[in-house]
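Engineer: Below you'll find entry30.txt; it's compact mmCIF, N, CA and C atoms.
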# COMPACT_ATOMS: atom_id res chain seq x y z
N MET G 67 106.28 108.55 78.43
CA MET G 67 105.57 108.75 79.65
C MET G 67 105.90 107.59 80.60
N ARG G 68 106.17 107.91 81.85
CA ARG G 68 106.43 106.90 82.87
C ARG G 68 105.20 106.74 83.76
N LEU G 69 104.79 105.53 83.95
CA LEU G 69 103.63 105.25 84.79
C LEU G 69 104.05 104.50 86.04
N SER G 70 103.37 104.79 87.12
CA SER G 70 103.62 104.11 88.39
C SER G 70 102.33 103.49 88.89
N THR G 71 102.45 102.61 89.87
CA THR G 71 101.29 101.96 90.45
C THR G 71 101.43 101.91 91.96
N VAL G 72 100.35 101.64 92.63
CA VAL G 72 100.34 101.45 94.08
C VAL G 72 99.93 100.02 94.37
N ILE G 73 100.70 99.35 95.21
CA ILE G 73 100.37 97.99 95.64
C ILE G 73 100.23 98.03 97.16
N LEU G 74 99.03 97.79 97.62
CA LEU G 74 98.79 97.85 99.06
C LEU G 74 99.47 96.69 99.77
N PRO G 75 100.00 96.93 100.98
CA PRO G 75 100.69 95.87 101.72
C PRO G 75 99.73 95.00 102.52
N VAL G 76 98.76 94.42 101.85
CA VAL G 76 97.72 93.65 102.54
C VAL G 76 97.75 92.16 102.22
N ARG G 77 98.69 91.74 101.38
CA ARG G 77 98.75 90.33 100.99
C ARG G 77 100.00 89.68 101.56
N ARG G 78 99.86 88.46 101.97
CA ARG G 78 101.02 87.68 102.42
C ARG G 78 101.96 87.53 101.24
N TRP G 79 103.23 87.33 101.52
CA TRP G 79 104.25 87.42 100.50
C TRP G 79 104.07 86.44 99.33
N GLY G 80 103.56 85.27 99.56
CA GLY G 80 103.35 84.32 98.47
C GLY G 80 102.50 84.90 97.35
N GLU G 81 101.50 85.65 97.72
CA GLU G 81 100.63 86.30 96.73
C GLU G 81 101.16 87.69 96.35
N GLY G 82 101.68 88.40 97.33
CA GLY G 82 102.19 89.76 97.09
C GLY G 82 103.36 89.79 96.12
N GLN G 83 104.23 88.82 96.23
CA GLN G 83 105.40 88.75 95.35
C GLN G 83 104.97 88.76 93.88
N LYS G 84 103.93 88.03 93.57
CA LYS G 84 103.44 87.95 92.19
C LYS G 84 102.95 89.31 91.70
N LEU G 85 102.37 90.11 92.58
CA LEU G 85 101.89 91.43 92.19
C LEU G 85 103.04 92.36 91.84
N TRP G 86 104.09 92.34 92.66
CA TRP G 86 105.25 93.19 92.40
C TRP G 86 105.94 92.77 91.10
N GLN G 87 106.06 91.48 90.88
CA GLN G 87 106.66 90.99 89.64
C GLN G 87 105.79 91.33 88.44
N ARG G 88 104.49 91.25 88.59
CA ARG G 88 103.58 91.58 87.49
C ARG G 88 103.66 93.06 87.13
N ALA G 89 103.77 93.90 88.14
CA ALA G 89 103.90 95.34 87.89
C ALA G 89 105.15 95.62 87.04
N GLU G 90 106.23 94.91 87.36
CA GLU G 90 107.46 95.07 86.58
C GLU G 90 107.26 94.53 85.16
N GLU G 91 106.64 93.39 85.02
CA GLU G 91 106.38 92.80 83.70
C GLU G 91 105.52 93.72 82.83
N LEU G 92 104.59 94.43 83.45
CA LEU G 92 103.72 95.33 82.71
C LEU G 92 104.42 96.63 82.30
N GLY G 93 105.63 96.83 82.79
CA GLY G 93 106.42 97.98 82.38
C GLY G 93 106.26 99.23 83.23
N PHE G 94 105.70 99.08 84.43
CA PHE G 94 105.60 100.25 85.30
C PHE G 94 106.99 100.74 85.67
N HIS G 95 107.15 102.05 85.70
CA HIS G 95 108.43 102.66 86.08
C HIS G 95 108.69 102.48 87.58
N ALA G 96 107.66 102.64 88.37
CA ALA G 96 107.80 102.55 89.83
C ALA G 96 106.54 101.96 90.44
N ALA G 97 106.71 101.41 91.63
CA ALA G 97 105.58 100.90 92.40
C ALA G 97 105.72 101.42 93.83
N TYR G 98 104.62 101.85 94.38
CA TYR G 98 104.60 102.43 95.72
C TYR G 98 103.72 101.60 96.63
N THR G 99 103.97 101.74 97.93
CA THR G 99 103.09 101.13 98.92
C THR G 99 102.92 102.11 100.07
N TYR G 100 101.87 101.93 100.85
CA TYR G 100 101.58 102.82 101.97
C TYR G 100 102.22 102.32 103.26
N ASP G 101 102.49 103.27 104.14
CA ASP G 101 102.96 102.97 105.48
C ASP G 101 102.06 103.72 106.45
N ASP G 102 101.74 103.11 107.56
CA ASP G 102 100.94 103.74 108.62
C ASP G 102 99.61 104.27 108.13
N LEU G 103 98.97 103.53 107.26
CA LEU G 103 97.67 103.93 106.78
C LEU G 103 96.85 102.68 106.50
N SER G 104 95.60 102.74 106.81
CA SER G 104 94.75 101.59 106.52
C SER G 104 93.35 102.08 106.22
N TRP G 105 92.64 101.34 105.42
CA TRP G 105 91.28 101.69 105.07
C TRP G 105 90.32 100.75 105.78
N ARG G 106 89.12 101.20 106.00
CA ARG G 106 88.13 100.40 106.72
C ARG G 106 87.94 99.02 106.13
N SER G 107 87.98 98.93 104.83
CA SER G 107 87.75 97.63 104.20
C SER G 107 88.87 96.63 104.49
N PHE G 108 90.00 97.11 104.98
CA PHE G 108 91.13 96.23 105.30
C PHE G 108 91.38 96.12 106.81
N ARG G 109 90.52 96.68 107.63
CA ARG G 109 90.81 96.75 109.07
C ARG G 109 90.88 95.39 109.76
N ASP G 110 90.21 94.38 109.23
CA ASP G 110 90.21 93.07 109.87
C ASP G 110 91.26 92.12 109.31
N GLY G 111 92.05 92.60 108.38
CA GLY G 111 93.08 91.76 107.76
C GLY G 111 94.47 92.29 108.06
N PRO G 112 95.47 91.66 107.48
CA PRO G 112 96.85 92.10 107.73
C PRO G 112 97.16 93.41 107.00
N TRP G 113 98.07 94.17 107.57
CA TRP G 113 98.60 95.38 106.95
C TRP G 113 100.10 95.38 107.28
N PHE G 114 100.91 95.01 106.31
CA PHE G 114 102.33 94.80 106.54
C PHE G 114 103.12 96.11 106.42
N GLY G 115 104.28 96.15 107.04
CA GLY G 115 105.12 97.34 107.02
C GLY G 115 105.66 97.65 105.63
N ALA G 116 105.75 98.92 105.32
CA ALA G 116 106.19 99.35 103.99
C ALA G 116 107.65 98.99 103.72
N ILE G 117 108.52 99.21 104.67
CA ILE G 117 109.94 98.97 104.44
C ILE G 117 110.22 97.49 104.20
N THR G 118 109.63 96.62 105.01
CA THR G 118 109.85 95.19 104.79
C THR G 118 109.20 94.73 103.49
N THR G 119 108.05 95.29 103.15
CA THR G 119 107.39 94.94 101.89
C THR G 119 108.26 95.35 100.71
N LEU G 120 108.80 96.56 100.73
CA LEU G 120 109.64 97.03 99.63
C LEU G 120 110.96 96.27 99.56
N THR G 121 111.49 95.88 100.70
CA THR G 121 112.72 95.08 100.71
C THR G 121 112.48 93.74 100.04
N ALA G 122 111.38 93.10 100.39
CA ALA G 122 111.04 91.83 99.75
C ALA G 122 110.80 92.01 98.26
N ALA G 123 110.12 93.09 97.88
CA ALA G 123 109.85 93.35 96.46
C ALA G 123 111.16 93.56 95.70
N ALA G 124 112.12 94.19 96.32
CA ALA G 124 113.42 94.43 95.66
C ALA G 124 114.16 93.13 95.39
N THR G 125 113.95 92.13 96.24
CA THR G 125 114.63 90.84 96.01
C THR G 125 113.94 90.02 94.92
N ALA G 126 112.70 90.37 94.60
CA ALA G 126 111.92 89.59 93.63
C ALA G 126 111.83 90.24 92.26
N THR G 127 112.39 91.44 92.12
CA THR G 127 112.31 92.17 90.85
C THR G 127 113.71 92.63 90.44
N GLU G 128 113.81 93.18 89.22
CA GLU G 128 115.13 93.58 88.72
C GLU G 128 115.27 95.07 88.44
N SER G 129 114.22 95.71 87.91
CA SER G 129 114.44 97.08 87.43
C SER G 129 113.42 98.11 87.90
N ILE G 130 112.31 97.69 88.44
CA ILE G 130 111.28 98.63 88.87
C ILE G 130 111.77 99.43 90.07
N ARG G 131 111.37 100.68 90.14
CA ARG G 131 111.73 101.53 91.28
C ARG G 131 110.65 101.43 92.35
N PHE G 132 111.02 101.76 93.59
CA PHE G 132 110.10 101.63 94.71
C PHE G 132 109.99 102.93 95.49
N GLY G 133 108.87 103.07 96.17
CA GLY G 133 108.69 104.23 97.03
C GLY G 133 107.57 103.98 98.03
N THR G 134 107.50 104.86 99.02
CA THR G 134 106.44 104.76 100.02
C THR G 134 105.54 105.98 99.93
N LEU G 135 104.32 105.80 100.34
CA LEU G 135 103.35 106.89 100.43
C LEU G 135 102.93 106.99 101.90
N VAL G 136 102.85 108.19 102.40
CA VAL G 136 102.45 108.44 103.78
C VAL G 136 103.40 107.75 104.76
N THR G 137 104.67 108.00 104.63
CA THR G 137 105.65 107.45 105.55
C THR G 137 105.86 108.41 106.70
N SER G 138 105.76 107.92 107.90
CA SER G 138 105.97 108.75 109.08
C SER G 138 107.44 108.75 109.47
N VAL G 139 107.94 109.91 109.80
CA VAL G 139 109.30 110.01 110.31
C VAL G 139 109.20 110.01 111.82
N LYS G 140 109.70 108.94 112.43
CA LYS G 140 109.61 108.80 113.88
C LYS G 140 111.00 108.73 114.45
N ALA G 141 111.31 109.63 115.34
CA ALA G 141 112.63 109.62 115.99
C ALA G 141 112.51 108.95 117.36
N SER G 142 113.42 108.05 117.62
CA SER G 142 113.40 107.37 118.92
C SER G 142 114.15 108.17 119.99
N SER G 143 114.93 109.15 119.55
CA SER G 143 115.63 109.99 120.52
C SER G 143 115.57 111.43 120.02
N PRO G 144 115.71 112.39 120.94
CA PRO G 144 115.64 113.79 120.54
C PRO G 144 116.79 114.14 119.60
N ILE G 145 116.53 115.11 118.75
CA ILE G 145 117.56 115.60 117.83
C ILE G 145 118.48 116.54 118.58
N ALA G 146 119.77 116.30 118.48
CA ALA G 146 120.75 117.16 119.15
C ALA G 146 120.87 118.48 118.39
N THR G 147 120.93 119.56 119.11
CA THR G 147 121.10 120.87 118.46
C THR G 147 122.40 121.51 118.84
What do you get writing this file as structure tokens?
Structural biologist:
Amino acid sequence: MRLSTVILPVRRWGEGQKLWQRAEELGFHAAYTYDDLSWRSFRDGPWFGAITTLTAAATATESIRFGTLVTSVKASSPIAT
């Protein structure tokens, strides 16, 4: 059985890095984070971007897989048809 976890992007990297590394040490197959979503209990604190969070996590770990939850697809220009 493969297990995954969710790590919210609410911690500055000094603390957040340890969480991503710990998830890998515990043997999780994958770790996910949210993009463009926040909960009331976190509204007064930081909420970091998913892509930059996952990029940093990839530099601090070796084998765990990554993914995003609730990622918005935003186009800056119209799609050509």
Engineer: Just the number, please: distance in Å from CA of Arg68 (chain G) to CA of Phe132 (chain G), one decimal.
Structural biologist: 13.5 Å
Engineer: To one decimal place in Å, what is the distance between CA of Ala123 (chain G) and CA of Gln83 (chain G)?
Structural biologist: 6.5 Å
Engineer: Show which residues sit within 8 Å of Ala126 (chain G), as a list in words. Count only N, CA and C atoms, and ignore same-chain residues fewer than 3 positions away.
Structural biologist: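 Residues near the query, excluding close chain neighbours: Gln83, Trp86, Gln87, Leu120, Thr121, Ala122, Ala123 and Ser129 of chain G.
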Engineer: Check the smallest atom-to-atom distance from each of G:Ala116, G:Leu74, G:Leu69, G:Ile130 to Glu91 (chain G) using all atoms listed in the file, then report the winner.
Structural biologist: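 Comparing G:Ala116, G:Leu74, G:Leu69, G:Ile130 against Glu91 (chain G), the winner is G:Ile130.
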Engineer: Provide the atom C of Ser70 (chain G) to atom N of Ser107 (chain G) distance in Å, to one decimal place.
Structural biologist: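 One can read the atom C of Ser70 (chain G) to atom N of Ser107 (chain G) distance as 21.9 Å.
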Engineer: Run DSSP on the backbone and grab whatever in chain G lands in helix (DSSP H, G or I); send it over as an mmCIF file with N, CA and C atoms, keeping the file's coordinate frame.
Structural biologist:
data_model
loop_
_atom_site.group_PDB
_atom_site.id
_atom_site.type_symbol
_atom_site.label_atom_id
_atom_site.label_comp_id
_atom_site.auth_asym_id
_atom_site.auth_seq_id
_atom_site.Cartn_x
_atom_site.Cartn_y
_atom_site.Cartn_z
ATOM 1 N N TRP G 79 103.230 87.330 101.520
ATOM 2 C CA TRP G 79 104.250 87.420 100.500
ATOM 3 C C TRP G 79 104.070 86.440 99.330
ATOM 4 N N GLY G 80 103.560 85.270 99.560
ATOM 5 C CA GLY G 80 103.350 84.320 98.470
ATOM 6 C C GLY G 80 102.500 84.900 97.350
ATOM 7 N N GLU G 81 101.500 85.650 97.720
ATOM 8 C CA GLU G 81 100.630 86.300 96.730
ATOM 9 C C GLU G 81 101.160 87.690 96.350
ATOM 10 N N GLY G 82 101.680 88.400 97.330
ATOM 11 C CA GLY G 82 102.190 89.760 97.090
ATOM 12 C C GLY G 82 103.360 89.790 96.120
ATOM 13 N N GLN G 83 104.230 88.820 96.230
ATOM 14 C CA GLN G 83 105.400 88.750 95.350
ATOM 15 C C GLN G 83 104.970 88.760 93.880
ATOM 16 N N LYS G 84 103.930 88.030 93.570
ATOM 17 C CA LYS G 84 103.440 87.950 92.190
ATOM 18 C C LYS G 84 102.950 89.310 91.700
ATOM 19 N N LEU G 85 102.370 90.110 92.580
ATOM 20 C CA LEU G 85 101.890 91.430 92.190
ATOM 21 C C LEU G 85 103.040 92.360 91.840
ATOM 22 N N TRP G 86 104.090 92.340 92.660
ATOM 23 C CA TRP G 86 105.250 93.190 92.400
ATOM 24 C C TRP G 86 105.940 92.770 91.100
ATOM 25 N N GLN G 87 106.060 91.480 90.880
ATOM 26 C CA GLN G 87 106.660 90.990 89.640
ATOM 27 C C GLN G 87 105.790 91.330 88.440
ATOM 28 N N ARG G 88 104.490 91.250 88.590
ATOM 29 C CA ARG G 88 103.580 91.580 87.490
ATOM 30 C C ARG G 88 103.660 93.060 87.130
ATOM 31 N N ALA G 89 103.770 93.900 88.140
ATOM 32 C CA ALA G 89 103.900 95.340 87.890
ATOM 33 C C ALA G 89 105.150 95.620 87.040
ATOM 34 N N GLU G 90 106.230 94.910 87.360
ATOM 35 C CA GLU G 90 107.460 95.070 86.580
ATOM 36 C C GLU G 90 107.260 94.530 85.160
ATOM 37 N N GLU G 91 106.640 93.390 85.020
ATOM 38 C CA GLU G 91 106.380 92.800 83.700
ATOM 39 C C GLU G 91 105.520 93.720 82.830
ATOM 40 N N ARG G 106 89.120 101.200 106.000
ATOM 41 C CA ARG G 106 88.130 100.400 106.720
ATOM 42 C C ARG G 106 87.940 99.020 106.130
ATOM 43 N N SER G 107 87.980 98.930 104.830
ATOM 44 C CA SER G 107 87.750 97.630 104.200
ATOM 45 C C SER G 107 88.870 96.630 104.490
ATOM 46 N N PHE G 108 90.000 97.110 104.980
ATOM 47 C CA PHE G 108 91.130 96.230 105.300
ATOM 48 C C PHE G 108 91.380 96.120 106.810
ATOM 49 N N ALA G 116 105.750 98.920 105.320
ATOM 50 C CA ALA G 116 106.190 99.350 103.990
ATOM 51 C C ALA G 116 107.650 98.990 103.720
ATOM 52 N N ILE G 117 108.520 99.210 104.670
ATOM 53 C CA ILE G 117 109.940 98.970 104.440
ATOM 54 C C ILE G 117 110.220 97.490 104.200
ATOM 55 N N THR G 118 109.630 96.620 105.010
ATOM 56 C CA THR G 118 109.850 95.190 104.790
ATOM 57 C C THR G 118 109.200 94.730 103.490
ATOM 58 N N THR G 119 108.050 95.290 103.150
ATOM 59 C CA THR G 119 107.390 94.940 101.890
ATOM 60 C C THR G 119 108.260 95.350 100.710
ATOM 61 N N LEU G 120 108.800 96.560 100.730
ATOM 62 C CA LEU G 120 109.640 97.030 99.630
ATOM 63 C C LEU G 120 110.960 96.270 99.560
ATOM 64 N N THR G 121 111.490 95.880 100.700
ATOM 65 C CA THR G 121 112.720 95.080 100.710
ATOM 66 C C THR G 121 112.480 93.740 100.040
ATOM 67 N N ALA G 122 111.380 93.100 100.390
ATOM 68 C CA ALA G 122 111.040 91.830 99.750
ATOM 69 C C ALA G 122 110.800 92.010 98.260
ATOM 70 N N ALA G 123 110.120 93.090 97.880
ATOM 71 C CA ALA G 123 109.850 93.350 96.460
ATOM 72 C C ALA G 123 111.160 93.560 95.700
ATOM 73 N N ALA G 124 112.120 94.190 96.320
ATOM 74 C CA ALA G 124 113.420 94.430 95.660
ATOM 75 C C ALA G 124 114.160 93.130 95.390
ATOM 76 N N THR G 125 113.950 92.130 96.240
ATOM 77 C CA THR G 125 114.630 90.840 96.010
ATOM 78 C C THR G 125 113.940 90.020 94.920
ATOM 79 N N ALA G 126 112.700 90.370 94.600
ATOM 80 C CA ALA G 126 111.920 89.590 93.630
ATOM 81 C C ALA G 126 111.830 90.240 92.260
#
